[in-house]
$ cat input.cif   # mmCIF, C-alpha atoms
data_target
loop_
_atom_site.label_atom_id
_atom_site.label_comp_id
_atom_site.auth_asym_id
_atom_site.auth_seq_id
_atom_site.Cartn_x
_atom_site.Cartn_y
_atom_site.Cartn_z
CA MET F 206 -41.70 8.89 3.18
CA VAL F 207 -38.10 9.82 2.34
CA SER F 208 -35.58 7.83 4.37
CA PHE F 209 -32.95 9.57 6.45
CA GLN F 210 -30.21 8.22 4.17
CA THR F 211 -31.98 9.49 1.05
CA ALA F 212 -32.54 12.88 2.63
CA LEU F 213 -28.89 13.04 3.63
CA GLN F 214 -27.80 12.26 0.07
CA LEU F 215 -30.08 14.99 -1.25
CA ILE F 216 -28.42 17.50 1.07
CA TYR F 217 -24.90 16.10 0.74
CA PRO F 218 -24.70 14.21 -2.57
CA PRO F 219 -21.76 11.82 -3.06
CA ARG F 220 -18.70 13.45 -4.57
CA CYS F 221 -15.70 12.13 -6.47
CA ILE F 222 -12.86 11.72 -3.98
CA LEU F 223 -10.47 13.44 -6.37
CA CYS F 224 -12.23 16.27 -8.18
CA GLY F 225 -15.41 16.70 -6.14
CA THR F 226 -17.79 16.14 -9.05
CA GLN F 227 -21.13 14.64 -8.04
CA VAL F 228 -21.18 10.84 -8.48
CA GLU F 229 -23.74 8.06 -7.96
CA SER F 230 -22.14 6.36 -4.95
CA GLU F 231 -19.97 7.46 -2.05
CA PHE F 232 -16.22 6.95 -1.83
CA GLY F 233 -15.57 6.56 -5.53
CA LEU F 234 -14.17 8.24 -8.61
CA CYS F 235 -16.06 9.97 -11.39
CA GLY F 236 -15.68 8.61 -14.91
CA PRO F 237 -12.93 10.99 -16.06
CA CYS F 238 -10.92 10.57 -12.84
CA TRP F 239 -11.24 6.79 -13.05
CA ARG F 240 -10.06 6.88 -16.66
CA ASP F 241 -7.05 9.03 -15.73
CA THR F 242 -6.02 6.95 -12.71
CA PRO F 243 -3.14 4.61 -13.66
CA PHE F 244 -4.49 1.32 -12.34
CA ILE F 245 -2.25 -1.64 -13.11
CA SER F 246 -3.73 -4.48 -15.14
CA GLY F 247 -2.37 -7.04 -17.55
CA LEU F 248 1.20 -8.29 -17.43
CA SER F 249 3.22 -7.16 -14.41
CA CYS F 250 6.37 -8.10 -12.52
CA HIS F 251 5.61 -10.93 -10.10
CA LEU F 252 7.84 -9.36 -7.43
CA CYS F 253 6.90 -5.68 -7.43
CA GLY F 254 3.80 -5.37 -9.61
CA VAL F 255 5.18 -2.84 -12.09
CA PRO F 256 3.42 -3.19 -15.46
CA LEU F 257 5.41 -4.81 -18.27
CA PRO F 258 4.94 -4.94 -22.04
CA GLY F 259 3.42 -8.08 -23.49
CA ASP F 260 0.47 -10.34 -22.88
CA ASN F 261 -0.28 -12.05 -19.59
CA ASP F 262 -0.10 -15.78 -20.38
CA GLY F 263 0.19 -16.89 -16.77
CA GLU F 264 3.99 -17.13 -16.74
CA ARG F 265 5.93 -15.36 -13.97
CA VAL F 266 7.93 -12.45 -15.35
CA THR F 267 10.43 -10.19 -13.62
CA CYS F 268 11.21 -6.52 -14.27
CA ASP F 269 14.76 -5.16 -14.72
CA ASP F 270 14.88 -3.68 -11.20
CA CYS F 271 13.92 -6.97 -9.59
CA LEU F 272 16.47 -8.84 -11.71
CA ARG F 273 19.16 -6.43 -10.52
CA ILE F 274 18.12 -6.22 -6.85
CA ALA F 275 17.60 -9.38 -4.79
CA ARG F 276 14.10 -9.19 -3.31
CA PRO F 277 13.69 -11.09 -0.03
CA TRP F 278 9.93 -11.51 -0.49
CA SER F 279 8.39 -14.14 -2.77
CA ALA F 280 5.71 -12.16 -4.62
CA GLY F 281 4.34 -8.64 -4.87
CA ARG F 282 1.60 -6.56 -6.43
CA ALA F 283 0.64 -2.90 -6.79
CA ALA F 284 -2.80 -1.41 -7.40
CA MET F 285 -1.66 1.60 -9.44
CA LEU F 286 1.31 3.61 -10.60
CA TYR F 287 2.57 6.53 -8.54
CA HIS F 288 1.99 9.33 -11.01
CA GLU F 289 -0.86 11.61 -12.04
CA ASN F 290 -4.01 10.62 -10.12
CA GLY F 291 -2.16 7.78 -8.39
CA ARG F 292 0.22 10.27 -6.80
CA LYS F 293 -2.63 12.66 -5.94
CA LEU F 294 -4.51 9.91 -4.09
CA VAL F 295 -1.47 8.77 -2.11
CA MET F 296 -0.44 12.30 -1.16
CA ALA F 297 -3.99 13.20 -0.10
CA LEU F 298 -4.14 10.13 2.16
CA LYS F 299 -0.60 10.47 3.47
CA HIS F 300 -0.32 14.20 4.07
CA GLY F 301 -3.79 15.62 3.52
CA ASP F 302 -5.67 13.73 6.25
CA ARG F 303 -8.04 12.40 3.58
CA GLN F 304 -8.79 9.17 5.39
CA GLU F 305 -11.96 8.58 3.38
CA ILE F 306 -9.66 7.49 0.53
CA VAL F 307 -9.02 4.30 2.51
CA ARG F 308 -12.49 2.97 1.61
CA PRO F 309 -11.94 2.70 -2.16
CA ALA F 310 -8.19 2.10 -1.79
CA ALA F 311 -8.84 -1.02 0.31
CA ARG F 312 -11.05 -2.37 -2.50
CA TRP F 313 -8.37 -1.69 -5.10
CA LEU F 314 -5.77 -3.39 -2.92
CA ALA F 315 -8.01 -6.41 -2.38
CA HIS F 316 -8.39 -6.76 -6.15
CA ALA F 317 -4.61 -6.57 -6.62
CA ALA F 318 -4.02 -9.06 -3.78
CA ARG F 319 -6.30 -11.81 -5.05
CA SER F 320 -3.31 -14.00 -5.98
CA LEU F 321 -1.30 -13.17 -2.86
CA ALA F 322 -3.58 -13.97 0.07
CA SER F 323 -4.24 -17.43 1.46
CA PRO F 324 -6.56 -18.48 4.32
CA ASP F 325 -3.69 -18.34 6.82
CA THR F 326 -2.25 -15.03 5.62
CA LEU F 327 -1.41 -12.43 8.25
CA ILE F 328 -1.73 -8.88 6.95
CA ALA F 329 0.54 -6.23 8.48
CA PRO F 330 1.46 -2.64 7.59
CA VAL F 331 4.92 -1.19 7.20
CA PRO F 332 5.38 0.80 10.43
CA LEU F 333 6.07 4.48 11.06
CA HIS F 334 8.61 5.62 13.61
CA TRP F 335 6.79 6.82 16.74
CA THR F 336 7.96 10.42 16.20
CA ARG F 337 6.39 10.52 12.73
CA MET F 338 3.29 8.81 14.08
CA LEU F 339 3.02 11.51 16.74
CA ARG F 340 3.18 14.26 14.16
CA ARG F 341 0.95 12.63 11.53
CA ARG F 342 -1.49 11.03 14.07
CA TYR F 343 -2.03 7.91 11.97
CA ASN F 344 -0.17 5.37 9.88
CA GLN F 345 -1.76 5.41 6.44
CA SER F 346 -0.51 1.88 5.77
CA ALA F 347 -2.24 0.60 8.91
CA LEU F 348 -5.50 2.22 7.79
CA LEU F 349 -5.15 0.43 4.46
CA THR F 350 -4.47 -2.96 6.08
CA ASN F 351 -7.49 -2.58 8.33
CA GLY F 352 -9.78 -2.14 5.33
CA LEU F 353 -7.96 -4.78 3.28
CA ALA F 354 -8.28 -7.41 6.02
CA ARG F 355 -12.05 -6.94 6.06
CA HIS F 356 -12.25 -7.41 2.28
CA LEU F 357 -10.09 -10.52 2.35
CA ASP F 358 -11.43 -11.89 5.63
CA ALA F 359 -7.83 -12.45 6.70
CA GLY F 360 -5.85 -12.06 9.91
CA HIS F 361 -4.59 -8.58 10.66
CA CYS F 362 -1.96 -7.26 13.06
CA PRO F 363 -1.58 -3.47 12.73
CA ASP F 364 1.33 -3.34 15.19
CA LEU F 365 3.28 -6.44 14.15
CA LEU F 366 6.34 -4.38 13.23
CA GLN F 367 8.13 -1.41 14.75
CA ARG F 368 10.69 1.07 13.50
CA ASN F 369 13.69 1.14 15.77
CA VAL F 370 15.44 4.07 14.08
CA ARG F 371 14.05 7.27 12.65
CA THR F 372 15.80 7.56 9.31
CA LEU F 373 16.30 10.73 7.31
CA PRO F 374 14.12 11.25 4.22
CA LEU F 375 15.27 9.00 1.39
CA LYS F 376 14.32 11.28 -1.48
CA GLY F 377 17.25 11.77 -3.81
CA LYS F 378 19.21 8.77 -2.50
CA GLY F 379 20.31 5.95 -4.79
CA PHE F 380 19.32 2.30 -4.47
CA GLU F 381 22.41 1.22 -2.54
CA GLU F 382 22.21 4.13 -0.11
CA ARG F 383 18.52 3.50 0.54
CA PHE F 384 19.08 -0.17 1.36
CA GLU F 385 22.09 0.60 3.55
CA THR F 386 20.16 3.31 5.44
CA LEU F 387 17.18 1.06 6.17
CA SER F 388 18.94 -2.22 6.88
CA GLY F 389 18.09 -3.43 10.39
CA THR F 390 15.81 -0.49 11.21
CA ILE F 391 12.60 -2.57 11.48
CA SER F 392 11.83 -5.48 13.79
CA VAL F 393 8.85 -7.50 14.98
CA LYS F 394 7.48 -6.06 18.21
CA PRO F 395 8.17 -7.98 21.42
CA GLY F 396 5.20 -10.21 22.11
CA ARG F 397 4.18 -10.39 18.43
CA THR F 398 6.70 -13.00 17.29
CA ASP F 399 4.27 -15.90 17.74
CA LEU F 400 1.82 -14.26 15.35
CA ALA F 401 4.33 -14.28 12.50
CA HIS F 402 5.94 -17.65 13.22
CA GLY F 403 5.13 -20.22 10.54
CA ARG F 404 2.73 -17.86 8.75
CA THR F 405 2.56 -16.19 5.37
CA VAL F 406 2.80 -12.46 6.02
CA LEU F 407 1.42 -9.93 3.55
CA LEU F 408 3.17 -6.59 4.09
CA VAL F 409 1.31 -3.49 2.93
CA ASP F 410 2.64 0.00 2.23
CA ASP F 411 1.29 3.04 0.43
CA VAL F 412 4.18 3.45 -2.03
CA MET F 413 7.11 1.38 -3.24
CA THR F 414 10.09 3.22 -4.71
CA SER F 415 13.30 1.18 -4.39
CA GLY F 416 11.80 -1.48 -2.12
CA ALA F 417 14.35 -0.83 0.66
CA THR F 418 11.72 -0.27 3.37
CA LEU F 419 9.77 -3.36 2.35
CA ALA F 420 13.01 -5.38 2.28
CA ALA F 421 13.82 -4.33 5.86
CA ALA F 422 10.29 -5.22 6.97
CA THR F 423 10.47 -8.57 5.15
CA MET F 424 13.75 -9.52 6.84
CA ALA F 425 12.22 -8.67 10.23
CA CYS F 426 9.34 -11.07 9.51
CA TYR F 427 11.70 -13.85 8.50
CA ALA F 428 13.77 -13.24 11.64
CA ALA F 429 10.57 -13.82 13.63
CA GLY F 430 9.99 -17.17 11.90
CA ALA F 431 7.59 -16.25 9.08
CA GLU F 432 7.33 -19.03 6.51
CA ASP F 433 6.73 -16.70 3.56
CA VAL F 434 6.48 -12.94 2.99
CA ARG F 435 4.68 -11.16 0.17
CA ILE F 436 4.22 -7.46 -0.44
CA LEU F 437 1.36 -5.25 -1.61
CA VAL F 438 1.41 -1.51 -2.28
CA LEU F 439 -1.18 1.00 -3.28
CA ALA F 440 1.18 2.68 -5.76
CA ARG F 441 4.43 1.70 -7.44
CA VAL F 442 6.97 4.26 -8.57
CA ALA F 443 8.10 3.39 -12.09
CA LYS F 444 10.14 4.93 -14.87
CA ARG F 445 7.99 6.81 -17.32
CA PRO F 446 8.15 5.48 -20.88
#
$ encode --input "input.cif" --output "structure tokens"
Amino acid sequence: MVSFQTALQLIYPPRCILCGTQVESEFGLCGPCWRDTPFISGLSCHLCGVPLPGDNDGERVTCDDCLRIARPWSAGRAAMLYHENGRKLVMALKHGDRQEIVRPAARWLAHAARSLASPDTLIAPVPLHWTRMLRRRYNQSALLTNGLARHLDAGHCPDLLQRNVRTLPLKGKGFEERFETLSGTISVKPGRTDLAHGRTVLLVDDVMTSGATLAAATMACYAAGAEDVRILVLARVAKRP
């Protein structure tokens, strides 16, 4: 007798989450899409995760941006670069209501975070301002942290942080202007301070460009008494070679 699950797969076979080609398992990429997705492996900056030339010999290395800009967090990783399929995946999750992308994305993030998480780590998303949340209906970063926490079996607080100011879009702004715009715009929610106090907090966002938003969120965690803050992003914007 054919099981209900088997019958369902015969009627609705699994499809690649990017191109729609039939694949063997649900919530995955086909071979060509996997090959063309810019996952980050090998040597990378220990603060932002951007890939760097050279061999990974275990030494901590720092990219030019992180040498030029003081990062308040202690370590960071990214699962992929924000171009080609990496950009398509983020945009589909962020603006296309493609929440099924969270399933594989949480796995990719968990793989990238294997050196960041400790047993006492508290995972928290970078927050959206309530007006953007109202329009979008969900915070994509909170969806990612929910899946990531299950993979890592770690503590999770989806509403640890809040945005106090709705900032204008940052596209086209320089590094200094981005950091000035976002400084002081994020804080730990009242009643959540005890959760962050004395803990290692792993902040998660969908994309890192300059790092200004993550810096504001990091400073809010330290203000609440966090012992250490690390960052993790699904995609890292980087200069093309």
$ residues_near_point --input "input.cif" --point "(14.8, -2.8, 12.6)" --cutoff "9 Å" --atoms "all atoms listed in the file" --output "PDB file with C-alpha atoms, in the coordinates of the input"
ATOM      1  CA  LEU F 366       6.340  -4.380  13.230  1.00  0.00           C
ATOM      2  CA  GLN F 367       8.130  -1.410  14.750  1.00  0.00           C
ATOM      3  CA  ARG F 368      10.690   1.070  13.500  1.00  0.00           C
ATOM      4  CA  ASN F 369      13.690   1.140  15.770  1.00  0.00           C
ATOM      5  CA  VAL F 370      15.440   4.070  14.080  1.00  0.00           C
ATOM      6  CA  LEU F 387      17.180   1.060   6.170  1.00  0.00           C
ATOM      7  CA  SER F 388      18.940  -2.220   6.880  1.00  0.00           C
ATOM      8  CA  GLY F 389      18.090  -3.430  10.390  1.00  0.00           C
ATOM      9  CA  THR F 390      15.810  -0.490  11.210  1.00  0.00           C
ATOM     10  CA  ILE F 391      12.600  -2.570  11.480  1.00  0.00           C
ATOM     11  CA  SER F 392      11.830  -5.480  13.790  1.00  0.00           C
ATOM     12  CA  VAL F 393       8.850  -7.500  14.980  1.00  0.00           C
ATOM     13  CA  ALA F 421      13.820  -4.330   5.860  1.00  0.00           C
ATOM     14  CA  ALA F 422      10.290  -5.220   6.970  1.00  0.00           C
ATOM     15  CA  MET F 424      13.750  -9.520   6.840  1.00  0.00           C
ATOM     16  CA  ALA F 425      12.220  -8.670  10.230  1.00  0.00           C
TER      17      ALA F 425
END
$ resolve_selection --input "input.cif" --expression "the PyMOL selection byres ((chain F and resi 245) around 6)" --output "JSON, numbers by chain"
{"F": [244, 246, 284, 285]}
$ resolve_selection --input "input.cif" --expression "the PyMOL selection byres ((chain F and resi 413) around 7)" --output "tab-separated table (two decimals) with C-alpha atoms, in the frame of the given file"
chain	number	residue	atom	x	y	z
F	412	VAL	CA	4.18	3.45	-2.03
F	414	THR	CA	10.09	3.22	-4.71
F	415	SER	CA	13.30	1.18	-4.39
F	416	GLY	CA	11.80	-1.48	-2.12
F	438	VAL	CA	1.41	-1.51	-2.28
F	440	ALA	CA	1.18	2.68	-5.76
F	441	ARG	CA	4.43	1.70	-7.44
F	442	VAL	CA	6.97	4.26	-8.57
$ closest_residue --input "input.cif" --among "F:Lys444, F:Tyr287, F:Ala431, F:Cys253" --to "Leu419 of chain F" --atoms "only C-alpha atoms"
F:Cys253
$ resolve_selection --input "input.cif" --expression "the PyMOL selection byres ((chain F and resi 299) around 12)" --output "JSON list (two decimals) with C-alpha atoms, in the frame of the given file"
[["chain", "number", "residue", "atom", "x", "y", "z"],
["F", 292, "ARG", "CA", 0.22, 10.27, -6.80],
["F", 293, "LYS", "CA", -2.63, 12.66, -5.94],
["F", 294, "LEU", "CA", -4.51, 9.91, -4.09],
["F", 295, "VAL", "CA", -1.47, 8.77, -2.11],
["F", 296, "MET", "CA", -0.44, 12.30, -1.16],
["F", 297, "ALA", "CA", -3.99, 13.20, -0.10],
["F", 298, "LEU", "CA", -4.14, 10.13, 2.16],
["F", 300, "HIS", "CA", -0.32, 14.20, 4.07],
["F", 301, "GLY", "CA", -3.79, 15.62, 3.52],
["F", 302, "ASP", "CA", -5.67, 13.73, 6.25],
["F", 303, "ARG", "CA", -8.04, 12.40, 3.58],
["F", 304, "GLN", "CA", -8.79, 9.17, 5.39],
["F", 305, "GLU", "CA", -11.96, 8.58, 3.38],
["F", 306, "ILE", "CA", -9.66, 7.49, 0.53],
["F", 307, "VAL", "CA", -9.02, 4.30, 2.51],
["F", 333, "LEU", "CA", 6.07, 4.48, 11.06],
["F", 337, "ARG", "CA", 6.39, 10.52, 12.73],
["F", 338, "MET", "CA", 3.29, 8.81, 14.08],
["F", 340, "ARG", "CA", 3.18, 14.26, 14.16],
["F", 341, "ARG", "CA", 0.95, 12.63, 11.53],
["F", 342, "ARG", "CA", -1.49, 11.03, 14.07],
["F", 343, "TYR", "CA", -2.03, 7.91, 11.97],
["F", 344, "ASN", "CA", -0.17, 5.37, 9.88],
["F", 345, "GLN", "CA", -1.76, 5.41, 6.44],
["F", 346, "SER", "CA", -0.51, 1.88, 5.77],
["F", 347, "ALA", "CA", -2.24, 0.60, 8.91],
["F", 348, "LEU", "CA", -5.50, 2.22, 7.79],
["F", 349, "LEU", "CA", -5.15, 0.43, 4.46],
["F", 410, "ASP", "CA", 2.64, 0.00, 2.23],
["F", 411, "ASP", "CA", 1.29, 3.04, 0.43],
["F", 412, "VAL", "CA", 4.18, 3.45, -2.03],
["F", 439, "LEU", "CA", -1.18, 1.00, -3.28]]
$ residues_around --input "input.cif" --residues "Arg282 of chain F" --least-positions-apart "2" --cutoff "9 Å" --atoms "only C-alpha atoms" --output "list in words"
Ser249, Cys250, His251, Leu252, Cys253, Gly254, Val255, Ala280, Ala284, Leu314, Ala317, Ala318, Ser320, Leu321, Arg435, Ile436, Leu437, Val438, Leu439 and Arg441 of chain F
$ closest_residue --input "input.cif" --among "F:Asp262, F:Asp241, F:Glu229, F:Asp270" --to "Ala443 of chain F" --atoms "only C-alpha atoms"
F:Asp270
$ atom_distance --input "input.cif" --atom1 "atom CA of Gly352 of chain F" --atom2 "atom CA of Gly225 of chain F"
22.8 Å
$ residues_near_point --input "input.cif" --point "(1.8, -4.7, 10.7)" --cutoff "10 Å" --atoms "all atoms listed in the file" --output "NGL selection string"
:F and (327-332 or 346-347 or 350-351 or 361-367 or 393-394 or 397 or 406-410 or 422 or 426)
$ write_last_selection --input "input.cif" --atoms "C-alpha atoms" --output "short mmCIF file (atom, residue, chain, number, x, y, z; two decimals), in the frame of the given file"
data_model
loop_
_atom_site.label_atom_id
_atom_site.label_comp_id
_atom_site.auth_asym_id
_atom_site.auth_seq_id
_atom_site.Cartn_x
_atom_site.Cartn_y
_atom_site.Cartn_z
CA LEU F 327 -1.41 -12.43 8.25
CA ILE F 328 -1.73 -8.88 6.95
CA ALA F 329 0.54 -6.23 8.48
CA PRO F 330 1.46 -2.64 7.59
CA VAL F 331 4.92 -1.19 7.20
CA PRO F 332 5.38 0.80 10.43
CA SER F 346 -0.51 1.88 5.77
CA ALA F 347 -2.24 0.60 8.91
CA THR F 350 -4.47 -2.96 6.08
CA ASN F 351 -7.49 -2.58 8.33
CA HIS F 361 -4.59 -8.58 10.66
CA CYS F 362 -1.96 -7.26 13.06
CA PRO F 363 -1.58 -3.47 12.73
CA ASP F 364 1.33 -3.34 15.19
CA LEU F 365 3.28 -6.44 14.15
CA LEU F 366 6.34 -4.38 13.23
CA GLN F 367 8.13 -1.41 14.75
CA VAL F 393 8.85 -7.50 14.98
CA LYS F 394 7.48 -6.06 18.21
CA ARG F 397 4.18 -10.39 18.43
CA VAL F 406 2.80 -12.46 6.02
CA LEU F 407 1.42 -9.93 3.55
CA LEU F 408 3.17 -6.59 4.09
CA VAL F 409 1.31 -3.49 2.93
CA ASP F 410 2.64 0.00 2.23
CA ALA F 422 10.29 -5.22 6.97
CA CYS F 426 9.34 -11.07 9.51
#
$ closest_residue --input "input.cif" --among "F:Gly396, F:Leu248, F:Leu353, F:Arg273" --to "Arg319 of chain F" --atoms "only C-alpha atoms"
F:Leu353
$ residues_around --input "input.cif" --residues "Tyr427 of chain F" --least-positions-apart "6" --cutoff "9 Å" --atoms "only C-alpha atoms" --output "MDAnalysis selection string"
chainID F and resid 401:402 433:434
$ atom_distance --input "input.cif" --atom1 "atom CA of Arg220 of chain F" --atom2 "atom CA of Phe232 of chain F"
7.5 Å
$ closest_residue --input "input.cif" --among "F:Ala310, F:Ala429, F:Cys238, F:Ala420" --to "Gly281 of chain F" --atoms "all atoms listed in the file"
F:Ala420
$ atom_distance --input "input.cif" --atom1 "atom CA of Pro237 of chain F" --atom2 "atom CA of Leu286 of chain F"
16.9 Å
